There are 2 protein chains.
Amino acid sequence: MPGKTSARVGIADVARLAGVSIGTASKALNDRGQLRDETRARVQAAAEQLGFIPSSVATSLLTGRTFTVGLIMTDHHGRFSLPVLHGVEDALGWAETLAFVCDTRDDPIREQHYVRSLLARRVDGIIVAGRRAEARPPLSLASAAVPVVYAFARSADDADCSVVSDEEGGAAAAIEHLVRTGRRRIAHVTGPHGHASAIARVRGVERALAAAGLEQVGDPWYGGWSEVWGRFAAAAITREHPDVDAVFCGSDTIARGVSDGLREAGRRVPEDVALVGVDNWAPIAEECRPPLTSVDLNLREVGRTAGKLLLQAIEQGHTPGVHTVPCKLVVRPSSAPAL
Amino acid sequence: MPGKTSARVGIADVARLAGVSIGTASKALNDRGQLRDETRARVQAAAEQLGFIPSSVATSLLTGRTFTVGLIMTDHHGRFSLPVLHGVEDALGWAETLAFVCDTRDDPIREQHYVRSLLARRVDGIIVAGRRAEARPPLSLASAAVPVVYAFARSADDADCSVVSDEEGGAAAAIEHLVRTGRRRIAHVTGPHGHASAIARVRGVERALAAAGLEQVGDPWYGGWSEVWGRFAAAAITREHPDVDAVFCGSDTIARGVSDGLREAGRRVPEDVALVGVDNWAPIAEECRPPLTSVDLNLREVGRTAGKLLLQAIEQGHTPGVHTVPCKLVVRPSSAPAL
DNA sequence: GGTTCGACGGAAAAGGATTTCCTGGGCTAG
DNA sequence: CTAGCCCAGGAAATCCTTTTCCGTCGAACC
């Protein structure tokens with residue numbers, strides 16, 4: 001109703017300026033139909049001159065595709081979901097498909113609102129990026145036939161499509177690296193008992209140690225994901241197991257605490273004790289003394305894969321199952337070979 | 001809920017099920033027109049049963065508003081732009097207006113693509129969230145009449161609308177806090193010489209010190225935004241100015257380095273030297289030993305203000321100028337009063 | 001009893017671009 | 001000279017919902 005002709009330039013304006021009909025203008029701009037080269041050029045010049053940008057609202061209405069996806073995330077700090085977002089953007093192509101970002105702040109009501117809003121906008125698909133490794137309940141979208149891909153936190157329903165990091169493999173790779181560089185007395189300091197990430201990593205550590213024929217130094221040291229816990233654990237480990245020569249930590253933050261704790265206990269890193277963390281979180285890993293070797297969860301690749309799978313689901317149909325992305329080990333001085 | 005149609009359900013389906021015309025169904029669902037309560041209820045029941053969600057694509061085409069904004073950001077780590085995003089979401093209301101998030105990765109070509117894509121989608125407005133305090137060149141949107149608000153990094157053109165933190169005021173507040181808690185010999189360690197944030201904070205420090213009638217301990221210590229620089233600076237300051245009793249740092253990361261450096265120089269924090277940082281970045285400030293008093297740049301409020309101004313610009317028209325949001329000081333043990 | 005008014009609901013336009021179908025003119029071949 | 005064809009470009013349908021403008025029916029009033 002608020003009809004203003006001057007505000008936005010439409011294809012009608014281009015057609016008028018070029019002296020052709022609307023349909024012809026459309027064909028000229030999209031390389032369709034049979035037109036003289038001269039006509040095509042004239043229309044394109046007119047469009048250029050007017051700064052015409054076709055409304056994707058109109059074509060969406062027509063074709064049913066919006067070239068738009070929803071990205072639901074639950075992570076306020078963005079430590080996990082931002083890399084996922086970047087990967088998704090990679091997969092969606094420069095700006096071909098755009099993402100609506102919705103931060104639910106872990107509120108199911110808010111999530112419902114966002115989902116409804118996304119469906120109203122007829123997004124082509126939805127990516128749900130979780131904050132932790134725990135499986136999350138599937139989105140409830142009331143029978144709407146919109147493809148959904150879960151990233152980082154997988155869906156509890158295995159008929160859904162999820163993409164996750166291979167945390168177990170990453171932990172195993174860290175241990176193998178330590179073994180290969182001459183470490184034999186390896187301890188594992190991690191987060192809360194029962195946390196899904198902690199569980200997966202414990203499995204990886206045990207697998208790799210068994211393969212190397214080594215015993216773990218003490219049971220896994222469960223605590224919190226904080227530096228304080230790392231410092232505390234370092235003190236306890238050096239006291240109870242003076243022969244420890246490597247510590248694998250469940251996060252970079254813990255590793256930083258362990259690093260400080262070891263120094264205060266008179267151990268040098270990496271000469272006496274090697275250190276490996278998880279997350280490869282630059283501000284922590286790079287500022288650590290010494291810079292920290294860390295298992296990168298490859299979240300960007302997780303996002304990229306999720307984006308690709310979503311596009312595939314949109315264009316060709318559903319690909320159920322849990323897809324795993326390998327971690328990659330980033331080696332820094334904290335795990336230099338034993339002397 | 002039986003019979004979920006694979007094709008999307010439109011208002012025509014609802015109307016058919018309720019036995020009314022399409023127009024009547026629309027009126028029933030939107031509380032318009034004159035309808036018997038019974039009819040209204042019947043239509044609403046039909047809509048409920050079919051899980052009908054009206055396509056905002058169609059209404060956008062009709063009304064010219066999409067209830068959609070673009071959020072252009074340039075910050076890979078998200079340390080600055082994520083809080084801004086949250087503030088923007090606050091302002092945009094639960095899910096009334098959704099934001100397309102575009103990370104340009106500092107690439108002007110990419111930015112161009114995103115802008116074009118946003119304009120094609122007929123966003124109601126655009127927010128540009130910068131990564132640093134430096135003014136940035138205005139968006140080039142080829143005369144399209146779309147309101148733009150710049151957040152955190154202001155536009156170089158003062159005819160644009162920008163929202164920034166009052167970094168100078170924040171620095172002054174930090175100094176005032178230190179003075180009020182009994183500190184007299186205050187040094188200032190900050191980032192690179194010439195950096196806009198560093199300049200603003202230096203101004204704030206000088207203003208507050210002058211107001212208190214105090215001299216600064218040495219010139220501002222320019223360096224980098226890293227812990228290494230903080231440690232180095234702490235060593236230098238204690239050597240050259242043994243009577244220093246407080247250090248104001250240009251970032252939490254620097255402050256952490258200073259904290260470690262002071263400890264290694266035999267000074268206790270906060271007993272001997274008080275410490276204040278900037279950013280209030282939880283993983284650093286809270287894990288610091290002791291937890292760090294810090295100037296919060298209030299980025300969420302910056303985002304909220306930007307969102308509000310954008311909505312205002314959309315609905316009522318442009319509000320040019322640079323809008324300033326005050327910082328807030330978050331006090332933690334590192335700046336406990338002098339004994 | 002006829003006229004008017006209010007209540008209810010239907011028909012149709014609008015909004016922007018694509019696409020299908022169709023027309024008209026010019027050219028070729030028989 | 002005429003039938004037939006092809007090419008360039010125009011007209012109109014389409015997508016989905018809202019909203020305006022009417023038409024109809026029942027009731028009430030003079």
# chains A, B, ... in the order shown; residues from 1 in each chain; ligands from 1
call {"tool": "closest_atom_pairs", "arguments": {"of": "chain C", "to": "chain A", "cutoff": "12 Å", "atoms": "only C-alpha atoms (C1' of nucleotides)", "output": "tab-separated table"}}
result
residue	atom	partner	partner_atom	distance
C:DA13	C1'	A:Met1	CA	11.5
C:DA14	C1'	A:Met1	CA	8.3
C:DG15	C1'	A:Ala58	CA	8.4
C:DG16	C1'	A:Ala58	CA	5.1
C:DA17	C1'	A:Ala58	CA	5.7
C:DT18	C1'	A:Ser26	CA	7.2
C:DT19	C1'	A:Gly23	CA	8.6
C:DT20	C1'	A:Gly23	CA	10.9
call {"tool": "write_last_selection", "arguments": {"atoms": "N, CA and C atoms (P, O5', C5', C4', C3', O3' and C1' of nucleotides)", "output": "PDB file, in the first residue's frame"}}
result
ATOM      1  P    DA C  13      -9.130  -7.550 -11.040  1.00  0.00           P
ATOM      2  O5'  DA C  13      -8.148  -6.410 -10.505  1.00  0.00           O
ATOM      3  C5'  DA C  13      -8.677  -5.348  -9.705  1.00  0.00           C
ATOM      4  C4'  DA C  13      -7.614  -4.861  -8.736  1.00  0.00           C
ATOM      5  C3'  DA C  13      -6.206  -4.790  -9.331  1.00  0.00           C
ATOM      6  O3'  DA C  13      -5.534  -3.644  -8.847  1.00  0.00           O
ATOM      7  C1'  DA C  13      -6.183  -6.186  -7.456  1.00  0.00           C
ATOM      8  P    DA C  14      -4.305  -3.056  -9.639  1.00  0.00           P
ATOM      9  O5'  DA C  14      -3.189  -2.924  -8.511  1.00  0.00           O
ATOM     10  C5'  DA C  14      -3.556  -2.741  -7.141  1.00  0.00           C
ATOM     11  C4'  DA C  14      -2.437  -3.277  -6.280  1.00  0.00           C
ATOM     12  C3'  DA C  14      -1.081  -3.343  -7.000  1.00  0.00           C
ATOM     13  O3'  DA C  14      -0.091  -2.735  -6.208  1.00  0.00           O
ATOM     14  C1'  DA C  14      -1.600  -5.431  -6.021  1.00  0.00           C
ATOM     15  P    DG C  15       1.094  -1.920  -6.919  1.00  0.00           P
ATOM     16  O5'  DG C  15       2.407  -2.403  -6.195  1.00  0.00           O
ATOM     17  C5'  DG C  15       2.375  -2.990  -4.878  1.00  0.00           C
ATOM     18  C4'  DG C  15       3.367  -4.126  -4.830  1.00  0.00           C
ATOM     19  C3'  DG C  15       4.292  -4.179  -6.059  1.00  0.00           C
ATOM     20  O3'  DG C  15       5.652  -3.923  -5.721  1.00  0.00           O
ATOM     21  C1'  DG C  15       3.374  -6.332  -5.546  1.00  0.00           C
ATOM     22  P    DG C  16       6.550  -3.267  -6.915  1.00  0.00           P
ATOM     23  O5'  DG C  16       7.397  -4.530  -7.382  1.00  0.00           O
ATOM     24  C5'  DG C  16       8.370  -5.069  -6.505  1.00  0.00           C
ATOM     25  C4'  DG C  16       9.054  -6.228  -7.196  1.00  0.00           C
ATOM     26  C3'  DG C  16       9.632  -5.895  -8.569  1.00  0.00           C
ATOM     27  O3'  DG C  16      10.908  -6.489  -8.639  1.00  0.00           O
ATOM     28  C1'  DG C  16       8.113  -7.717  -8.751  1.00  0.00           C
ATOM     29  P    DA C  17      11.846  -6.162  -9.842  1.00  0.00           P
ATOM     30  O5'  DA C  17      11.920  -7.550 -10.600  1.00  0.00           O
ATOM     31  C5'  DA C  17      12.536  -8.644  -9.927  1.00  0.00           C
ATOM     32  C4'  DA C  17      12.046  -9.955 -10.514  1.00  0.00           C
ATOM     33  C3'  DA C  17      12.502 -10.224 -11.942  1.00  0.00           C
ATOM     34  O3'  DA C  17      13.364 -11.355 -11.904  1.00  0.00           O
ATOM     35  C1'  DA C  17      10.189 -10.756 -11.625  1.00  0.00           C
ATOM     36  P    DT C  18      14.095 -11.863 -13.209  1.00  0.00           P
ATOM     37  O5'  DT C  18      13.203 -13.125 -13.610  1.00  0.00           O
ATOM     38  C5'  DT C  18      13.066 -14.198 -12.691  1.00  0.00           C
ATOM     39  C4'  DT C  18      12.056 -15.209 -13.206  1.00  0.00           C
ATOM     40  C3'  DT C  18      12.382 -15.830 -14.562  1.00  0.00           C
ATOM     41  O3'  DT C  18      12.209 -17.223 -14.425  1.00  0.00           O
ATOM     42  C1'  DT C  18      10.186 -14.980 -14.570  1.00  0.00           C
ATOM     43  P    DT C  19      12.895 -18.236 -15.460  1.00  0.00           P
ATOM     44  O5'  DT C  19      11.622 -18.721 -16.292  1.00  0.00           O
ATOM     45  C5'  DT C  19      10.427 -19.046 -15.600  1.00  0.00           C
ATOM     46  C4'  DT C  19       9.288 -19.229 -16.582  1.00  0.00           C
ATOM     47  C3'  DT C  19       9.706 -19.696 -17.984  1.00  0.00           C
ATOM     48  O3'  DT C  19       8.766 -20.663 -18.420  1.00  0.00           O
ATOM     49  C1'  DT C  19       8.412 -17.756 -18.167  1.00  0.00           C
ATOM     50  P    DT C  20       9.186 -21.766 -19.484  1.00  0.00           P
ATOM     51  O5'  DT C  20       7.742 -22.178 -20.042  1.00  0.00           O
ATOM     52  C5'  DT C  20       6.592 -21.974 -19.221  1.00  0.00           C
ATOM     53  C4'  DT C  20       5.454 -21.398 -20.049  1.00  0.00           C
ATOM     54  C3'  DT C  20       5.391 -21.893 -21.495  1.00  0.00           C
ATOM     55  O3'  DT C  20       4.067 -22.281 -21.792  1.00  0.00           O
ATOM     56  C1'  DT C  20       5.314 -19.550 -21.442  1.00  0.00           C
TER      57       DT C  20
END
call {"tool": "select_by_dssp", "arguments": {"residues": "segment 2-105 of chain A", "states": "strand (DSSP E)", "output": "list in words"}}
result
Thr68, Val69, Gly70, Leu71, Ile72, Met73, Leu98, Ala99, Phe100, Val101, Cys102 and Asp103 of chain A
call {"tool": "interface_residues", "arguments": {"of": "chain D", "to": "chain A", "cutoff": "10 Å", "atoms": "only C-alpha atoms (C1' of nucleotides)", "output": "PyMOL selection string"}}
result
chain D and resi 7-11+14-16+18-19
call {"tool": "select_by_dssp", "arguments": {"residues": "segment 117-287 of chain B", "states": "helix (DSSP H, G or I)", "output": "MDAnalysis selection string"}}
result
chainID B and resid 117:120 167:180 196:212 227:240 252:264 282:285
call {"tool": "interface_residues", "arguments": {"of": "chain A", "to": "chain B", "cutoff": "8 Å", "atoms": "only C-alpha atoms", "output": "MDAnalysis selection string"}}
result
chainID A and resid 1:2 7:8 51 53:58 60:61 76:78 82 86 94:96 98:103 110 113:114 116:117 119:122 142:145 226:228 287
call {"tool": "write_last_selection", "arguments": {"atoms": "C-alpha atoms", "output": "PDB file, in the first residue's frame"}}
result
ATOM      1  CA  MET A   1       0.000   0.000   0.000  1.00  0.00           C
ATOM      2  CA  PRO A   2       2.675   2.505   0.777  1.00  0.00           C
ATOM      3  CA  ALA A   7      12.122   4.782  -3.872  1.00  0.00           C
ATOM      4  CA  ARG A   8      13.124   1.536  -5.511  1.00  0.00           C
ATOM      5  CA  GLY A  51      21.617   0.659 -10.425  1.00  0.00           C
ATOM      6  CA  ILE A  53      19.232  -4.971  -8.445  1.00  0.00           C
ATOM      7  CA  PRO A  54      16.453  -7.498  -8.946  1.00  0.00           C
ATOM      8  CA  SER A  55      14.350  -8.234  -5.900  1.00  0.00           C
ATOM      9  CA  SER A  56      14.978 -11.748  -4.728  1.00  0.00           C
ATOM     10  CA  VAL A  57      11.739 -11.479  -2.802  1.00  0.00           C
ATOM     11  CA  ALA A  58       9.831 -11.665  -6.046  1.00  0.00           C
ATOM     12  CA  SER A  60      11.592 -16.422  -4.188  1.00  0.00           C
ATOM     13  CA  LEU A  61       7.858 -16.172  -4.315  1.00  0.00           C
ATOM     14  CA  HIS A  76      27.113 -16.860  23.872  1.00  0.00           C
ATOM     15  CA  HIS A  77      30.860 -16.703  23.780  1.00  0.00           C
ATOM     16  CA  GLY A  78      30.984 -17.857  20.220  1.00  0.00           C
ATOM     17  CA  LEU A  82      31.728 -18.782  15.356  1.00  0.00           C
ATOM     18  CA  HIS A  86      32.645 -19.350   9.150  1.00  0.00           C
ATOM     19  CA  TRP A  94      30.402 -15.983  -1.277  1.00  0.00           C
ATOM     20  CA  ALA A  95      26.988 -14.489  -0.867  1.00  0.00           C
ATOM     21  CA  GLU A  96      24.812 -16.760  -2.895  1.00  0.00           C
ATOM     22  CA  LEU A  98      22.817 -15.995   3.243  1.00  0.00           C
ATOM     23  CA  ALA A  99      22.377 -17.181   6.811  1.00  0.00           C
ATOM     24  CA  PHE A 100      19.996 -15.833   9.413  1.00  0.00           C
ATOM     25  CA  VAL A 101      21.836 -16.137  12.700  1.00  0.00           C
ATOM     26  CA  CYS A 102      19.708 -16.836  15.763  1.00  0.00           C
ATOM     27  CA  ASP A 103      21.178 -17.050  19.226  1.00  0.00           C
ATOM     28  CA  ARG A 110      13.224 -18.505  22.209  1.00  0.00           C
ATOM     29  CA  HIS A 113      10.095 -18.440  18.197  1.00  0.00           C
ATOM     30  CA  TYR A 114      13.157 -18.420  16.006  1.00  0.00           C
ATOM     31  CA  ARG A 116       8.734 -20.311  13.541  1.00  0.00           C
ATOM     32  CA  SER A 117      10.204 -17.099  12.252  1.00  0.00           C
ATOM     33  CA  LEU A 119       9.849 -21.156   8.634  1.00  0.00           C
ATOM     34  CA  ALA A 120       7.729 -18.083   7.945  1.00  0.00           C
ATOM     35  CA  ARG A 121      10.627 -16.698   5.961  1.00  0.00           C
ATOM     36  CA  ARG A 122      10.719 -19.936   4.006  1.00  0.00           C
ATOM     37  CA  ALA A 142       5.697 -29.332  13.321  1.00  0.00           C
ATOM     38  CA  SER A 143       5.886 -31.408  10.178  1.00  0.00           C
ATOM     39  CA  ALA A 144       7.394 -28.680   8.053  1.00  0.00           C
ATOM     40  CA  ALA A 145       9.483 -30.328   5.376  1.00  0.00           C
ATOM     41  CA  SER A 226      39.316 -23.860  34.276  1.00  0.00           C
ATOM     42  CA  GLU A 227      42.883 -22.747  34.858  1.00  0.00           C
ATOM     43  CA  VAL A 228      42.452 -23.065  38.583  1.00  0.00           C
ATOM     44  CA  GLU A 287      49.987 -16.747  24.805  1.00  0.00           C
TER      45      GLU A 287
END
call {"tool": "atom_distance", "arguments": {"atom1": "atom C1' of DG4 of chain D", "atom2": "atom C1' of DT23 of chain C"}}
result
15.4 Å
call {"tool": "atom_distance", "arguments": {"atom1": "atom CA of Thr238 of chain B", "atom2": "atom CA of Ala338 of chain B"}}
result
17.4 Å
call {"tool": "residues_around", "arguments": {"residues": "Ser294 of chain B", "least_positions_apart": "3", "cutoff": "8 Å", "atoms": "only C-alpha atoms (C1' of nucleotides)", "output": "list in words"}}
result
Ala174, Asp252, Val276, Gly277, Val278, Asp279, Asn280, Ala285, Leu329, Val330, Val331 and Arg332 of chain B
call {"tool": "write_last_selection", "arguments": {"atoms": "C-alpha atoms", "output": "JSON list (two decimals), in the first residue's frame"}}
result
[["chain", "number", "residue", "atom", "x", "y", "z"],
["B", 174, "ALA", "CA", 39.56, 3.34, 35.56],
["B", 252, "ASP", "CA", 43.02, -7.66, 29.57],
["B", 276, "VAL", "CA", 43.04, -2.63, 35.77],
["B", 277, "GLY", "CA", 42.49, -3.94, 32.23],
["B", 278, "VAL", "CA", 40.15, -3.20, 29.38],
["B", 279, "ASP", "CA", 37.67, -5.48, 27.57],
["B", 280, "ASN", "CA", 36.31, -7.43, 30.50],
["B", 285, "ALA", "CA", 39.82, -11.42, 33.30],
["B", 329, "LEU", "CA", 33.97, -0.63, 35.26],
["B", 330, "VAL", "CA", 33.82, -4.18, 36.59],
["B", 331, "VAL", "CA", 35.68, -4.36, 39.86],
["B", 332, "ARG", "CA", 37.46, -7.56, 40.86]]
call {"tool": "residues_around", "arguments": {"residues": "Arg184 of chain A", "least_positions_apart": "4", "cutoff": "10 Å", "atoms": "only C-alpha atoms (C1' of nucleotides)", "output": "CSV table (one decimal) with N, CA and C atoms, in the first residue's frame"}}
result
chain,number,residue,atom,x,y,z
A,175,ILE,N,48.0,-38.3,22.1
A,175,ILE,CA,48.8,-39.2,22.9
A,175,ILE,C,49.8,-39.8,21.9
A,178,LEU,N,52.7,-37.6,21.7
A,178,LEU,CA,53.5,-37.5,22.8
A,178,LEU,C,54.4,-38.8,22.9
A,179,VAL,N,53.8,-39.9,22.6
A,179,VAL,CA,54.6,-41.2,22.6
A,179,VAL,C,55.7,-41.1,21.6
A,180,ARG,N,55.4,-40.6,20.4
A,180,ARG,CA,56.3,-40.6,19.3
A,180,ARG,C,57.5,-39.6,19.7
A,209,LEU,N,47.0,-45.2,24.5
A,209,LEU,CA,48.0,-45.7,25.4
A,209,LEU,C,48.1,-47.3,25.3
A,212,ALA,N,50.1,-48.3,22.5
A,212,ALA,CA,51.5,-48.1,22.7
A,212,ALA,C,52.1,-49.0,23.8
A,213,GLY,N,51.2,-49.7,24.5
A,213,GLY,CA,51.6,-50.6,25.6
A,213,GLY,C,52.0,-49.8,26.8
A,214,LEU,N,51.4,-48.7,27.0
A,214,LEU,CA,51.7,-47.8,28.2
A,214,LEU,C,50.6,-47.8,29.2
A,215,GLU,N,51.0,-47.5,30.5
A,215,GLU,CA,50.0,-47.3,31.5
A,215,GLU,C,49.7,-45.8,31.7
A,216,GLN,N,48.5,-45.5,32.0
A,216,GLN,CA,48.2,-44.0,32.2
A,216,GLN,C,48.7,-43.7,33.6
A,217,VAL,N,49.2,-42.5,33.8
A,217,VAL,CA,49.6,-42.0,35.1
A,217,VAL,C,48.4,-41.6,35.9
A,243,ASP,N,57.4,-38.9,38.5
A,243,ASP,CA,58.0,-39.3,37.3
A,243,ASP,C,57.2,-38.9,36.0
A,244,VAL,N,56.1,-38.2,36.2
A,244,VAL,CA,55.3,-37.8,35.1
A,244,VAL,C,56.2,-37.0,34.0
A,245,ASP,N,56.0,-37.3,32.8
A,245,ASP,CA,56.8,-36.5,31.8
A,245,ASP,C,55.9,-35.9,30.7
A,246,ALA,N,54.6,-36.1,30.8
A,246,ALA,CA,53.7,-35.4,29.8
A,246,ALA,C,52.3,-35.3,30.4
A,338,ALA,N,61.3,-35.0,24.0
A,338,ALA,CA,62.1,-35.2,25.2
A,338,ALA,C,63.5,-35.3,24.9
call {"tool": "atom_distance", "arguments": {"atom1": "atom CA of Glu240 of chain B", "atom2": "atom CA of Gly224 of chain B"}}
result
19.9 Å
call {"tool": "residues_around", "arguments": {"residues": "Arg267 of chain B", "least_positions_apart": "3", "cutoff": "12 Å", "atoms": "only C-alpha atoms (C1' of nucleotides)", "output": "list of chain:residue names"}}
result
B:Ala234, B:Ala235, B:Ile237, B:Thr238, B:Arg239, B:Pro242, B:Asp243, B:Val244, B:Asp245, B:Ala246, B:Val258, B:Ser259, B:Asp260, B:Gly261, B:Leu262, B:Arg263, B:Glu264, B:Pro270, B:Glu271, B:Asp272, B:Val273, B:Ala274, B:Leu275
call {"tool": "write_last_selection", "arguments": {"atoms": "N, CA and C atoms", "output": "PDB file, in the first residue's frame"}}
result
ATOM      1  N   ALA B 234      56.066  -4.834  32.515  1.00  0.00           N
ATOM      2  CA  ALA B 234      56.066  -4.905  33.983  1.00  0.00           C
ATOM      3  C   ALA B 234      57.500  -4.908  34.507  1.00  0.00           C
ATOM      4  N   ALA B 235      58.360  -5.672  33.841  1.00  0.00           N
ATOM      5  CA  ALA B 235      59.753  -5.717  34.271  1.00  0.00           C
ATOM      6  C   ALA B 235      60.392  -4.337  34.153  1.00  0.00           C
ATOM      7  N   ILE B 237      58.963  -1.359  34.037  1.00  0.00           N
ATOM      8  CA  ILE B 237      58.399  -0.338  34.924  1.00  0.00           C
ATOM      9  C   ILE B 237      58.907  -0.505  36.349  1.00  0.00           C
ATOM     10  N   THR B 238      58.908  -1.735  36.858  1.00  0.00           N
ATOM     11  CA  THR B 238      59.368  -1.921  38.240  1.00  0.00           C
ATOM     12  C   THR B 238      60.839  -1.565  38.374  1.00  0.00           C
ATOM     13  N   ARG B 239      61.586  -1.753  37.304  1.00  0.00           N
ATOM     14  CA  ARG B 239      63.002  -1.421  37.349  1.00  0.00           C
ATOM     15  C   ARG B 239      63.200   0.098  37.347  1.00  0.00           C
ATOM     16  N   PRO B 242      60.456   2.107  40.753  1.00  0.00           N
ATOM     17  CA  PRO B 242      60.165   1.140  41.827  1.00  0.00           C
ATOM     18  C   PRO B 242      58.968   1.540  42.682  1.00  0.00           C
ATOM     19  N   ASP B 243      58.586   2.814  42.649  1.00  0.00           N
ATOM     20  CA  ASP B 243      57.495   3.249  43.517  1.00  0.00           C
ATOM     21  C   ASP B 243      56.124   3.118  42.866  1.00  0.00           C
ATOM     22  N   VAL B 244      56.051   2.494  41.695  1.00  0.00           N
ATOM     23  CA  VAL B 244      54.758   2.355  41.024  1.00  0.00           C
ATOM     24  C   VAL B 244      53.796   1.583  41.921  1.00  0.00           C
ATOM     25  N   ASP B 245      52.540   2.054  42.006  1.00  0.00           N
ATOM     26  CA  ASP B 245      51.587   1.314  42.834  1.00  0.00           C
ATOM     27  C   ASP B 245      50.304   0.961  42.093  1.00  0.00           C
ATOM     28  N   ALA B 246      50.267   1.242  40.775  1.00  0.00           N
ATOM     29  CA  ALA B 246      49.112   0.807  39.981  1.00  0.00           C
ATOM     30  C   ALA B 246      49.484   0.837  38.504  1.00  0.00           C
ATOM     31  N   VAL B 258      51.158  -8.324  32.503  1.00  0.00           N
ATOM     32  CA  VAL B 258      51.684  -7.457  33.554  1.00  0.00           C
ATOM     33  C   VAL B 258      51.570  -8.160  34.908  1.00  0.00           C
ATOM     34  N   SER B 259      50.440  -8.808  35.118  1.00  0.00           N
ATOM     35  CA  SER B 259      50.238  -9.518  36.382  1.00  0.00           C
ATOM     36  C   SER B 259      51.344 -10.547  36.604  1.00  0.00           C
ATOM     37  N   ASP B 260      51.595 -11.359  35.577  1.00  0.00           N
ATOM     38  CA  ASP B 260      52.662 -12.365  35.706  1.00  0.00           C
ATOM     39  C   ASP B 260      54.013 -11.695  35.890  1.00  0.00           C
ATOM     40  N   GLY B 261      54.251 -10.637  35.118  1.00  0.00           N
ATOM     41  CA  GLY B 261      55.533  -9.948  35.200  1.00  0.00           C
ATOM     42  C   GLY B 261      55.754  -9.345  36.575  1.00  0.00           C
ATOM     43  N   LEU B 262      54.719  -8.779  37.157  1.00  0.00           N
ATOM     44  CA  LEU B 262      54.844  -8.184  38.490  1.00  0.00           C
ATOM     45  C   LEU B 262      55.153  -9.266  39.512  1.00  0.00           C
ATOM     46  N   ARG B 263      54.442 -10.374  39.410  1.00  0.00           N
ATOM     47  CA  ARG B 263      54.682 -11.457  40.364  1.00  0.00           C
ATOM     48  C   ARG B 263      56.133 -11.901  40.282  1.00  0.00           C
ATOM     49  N   GLU B 264      56.625 -11.996  39.044  1.00  0.00           N
ATOM     50  CA  GLU B 264      58.003 -12.446  38.881  1.00  0.00           C
ATOM     51  C   GLU B 264      59.005 -11.397  39.358  1.00  0.00           C
ATOM     52  N   PRO B 270      46.860  -7.459  44.662  1.00  0.00           N
ATOM     53  CA  PRO B 270      46.863  -5.999  44.551  1.00  0.00           C
ATOM     54  C   PRO B 270      47.597  -5.297  45.687  1.00  0.00           C
ATOM     55  N   GLU B 271      48.213  -6.059  46.618  1.00  0.00           N
ATOM     56  CA  GLU B 271      48.760  -5.399  47.804  1.00  0.00           C
ATOM     57  C   GLU B 271      49.768  -4.311  47.435  1.00  0.00           C
ATOM     58  N   ASP B 272      50.716  -4.645  46.557  1.00  0.00           N
ATOM     59  CA  ASP B 272      51.742  -3.664  46.195  1.00  0.00           C
ATOM     60  C   ASP B 272      51.334  -2.832  44.980  1.00  0.00           C
ATOM     61  N   VAL B 273      50.758  -3.517  44.015  1.00  0.00           N
ATOM     62  CA  VAL B 273      50.382  -2.829  42.778  1.00  0.00           C
ATOM     63  C   VAL B 273      48.967  -3.242  42.381  1.00  0.00           C
ATOM     64  N   ALA B 274      48.141  -2.239  42.103  1.00  0.00           N
ATOM     65  CA  ALA B 274      46.789  -2.531  41.617  1.00  0.00           C
ATOM     66  C   ALA B 274      46.820  -2.619  40.099  1.00  0.00           C
ATOM     67  N   LEU B 275      45.840  -3.369  39.544  1.00  0.00           N
ATOM     68  CA  LEU B 275      45.852  -3.628  38.112  1.00  0.00           C
ATOM     69  C   LEU B 275      44.433  -3.461  37.567  1.00  0.00           C
TER      70      LEU B 275
END
call {"tool": "decode", "arguments": {"residues": "segment 177-183 of chain A", "atoms": "N, CA and C atoms", "output": "mmCIF file, in the first residue's frame"}}
result
data_model
loop_
_atom_site.group_PDB
_atom_site.id
_atom_site.type_symbol
_atom_site.label_atom_id
_atom_site.label_comp_id
_atom_site.auth_asym_id
_atom_site.auth_seq_id
_atom_site.Cartn_x
_atom_site.Cartn_y
_atom_site.Cartn_z
ATOM 1 N N HIS A 177 51.252 -38.529 19.448
ATOM 2 C CA HIS A 177 52.292 -37.517 19.268
ATOM 3 C C HIS A 177 53.242 -37.515 20.466
ATOM 4 N N LEU A 178 52.681 -37.564 21.651
ATOM 5 C CA LEU A 178 53.530 -37.550 22.848
ATOM 6 C C LEU A 178 54.411 -38.792 22.895
ATOM 7 N N VAL A 179 53.818 -39.931 22.565
ATOM 8 C CA VAL A 179 54.592 -41.176 22.592
ATOM 9 C C VAL A 179 55.719 -41.108 21.566
ATOM 10 N N ARG A 180 55.358 -40.627 20.391
ATOM 11 C CA ARG A 180 56.344 -40.561 19.314
ATOM 12 C C ARG A 180 57.508 -39.642 19.672
ATOM 13 N N THR A 181 57.231 -38.634 20.489
ATOM 14 C CA THR A 181 58.303 -37.701 20.846
ATOM 15 C C THR A 181 58.981 -38.124 22.149
ATOM 16 N N GLY A 182 58.788 -39.369 22.537
ATOM 17 C CA GLY A 182 59.594 -39.911 23.620
ATOM 18 C C GLY A 182 59.001 -39.866 25.017
ATOM 19 N N ARG A 183 57.724 -39.542 25.132
ATOM 20 C CA ARG A 183 57.123 -39.489 26.473
ATOM 21 C C ARG A 183 56.553 -40.859 26.846
#
